[in-house]
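Have a look at the structure below before the remarks.
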Amino acid sequence: MVTEEGCELTLAAGLYGTLRTRSFRARVWARDGDECTFTFAVKRLAGEWLIIVSNQPARKALAAYRKRWAIECLFADAKSRGLRIQDTRLTCPRKLDLLMVQVTLALVWAGRAAADLPGKSPPPQKPHG
């Protein structure tokens, strides 16, 4: 990649010395020779990197990722970590619709019950939001 200043860097070199959050714009070449300019938004988390590559400014890209991550957590609760709706063998559309309504109600009820726990504070927020 080539930064806006014209420096040709590897991603590792672009991240060197980053302590917490960094963003930069760089040109990346495709195999067919075309080039695209992207924004790299980088956050260091506990022992790993969160790297978001987007055509949006860094703040917008990170905000969109936060919203997307909340949706991913909801899907994980409905599927692999919780209600396992992917294991159903239903093929009838009416029955599948009824199952989805029940799953939705269960997730809303569980979220509401967790929010109403007296004396409990919300779980700590991860660094990426």
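Chain labels A, B, ... are given in the sequence in which chains occur in the structure tokens; within each chain residues are numbered consecutively from 1, and ligands are likewise numbered from 1 in the order shown.
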
**Request:** Among the residues of chain A, find those DSSP assigns to alpha helix (DSSP H) from the backbone and print them as a ChimeraX atom specification.
**Result:** /A:11-15,58-78,93-115

**Prompt:** What residues in chain A get the DSSP label strand (DSSP E or B)? Please answer as an MDAnalysis selection string.
**Reply:** chainID A and resid 2:3 8 21:29 35:45 48:54

**Item:** For Phe40 in chain A, the nearest of the candidates A:Ala58, A:Ala70, A:Val28, A:Ala78, counting only C-alpha atoms
**Value:**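 When distances to Phe40 in chain A are compared using only C-alpha atoms, the smallest one comes from A:Ala58.
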
**Prompt:** Suppose you want the space between CA of Leu62 in chain A and CA of Ala41 in chain A; what is it in Å?
**Reply:** 7.1 Å

**Request:** Go ahead and compute the interatomic distance for CA of Arg31 in chain A and CA of Ile51 in chain A, in Å to one decimal.
**Result:**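 These two atoms are separated by 21.8 Å.
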
**Asked** Pick from A:Glu72, A:Pro124, A:Asn55, A:Leu83: nearest to Leu105 in chain A, with only C-alpha atoms counted?
**Response**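 For Leu105 in chain A, the nearest of the given residues is A:Leu83.
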
**Item:** For Phe38 in chain A: contacts at 10 Å, only C-alpha atoms, fewer than 6 positions along chain excluded, given as a PyMOL selection string
**Value:** chain A and resi 1+3+24-28+52-58
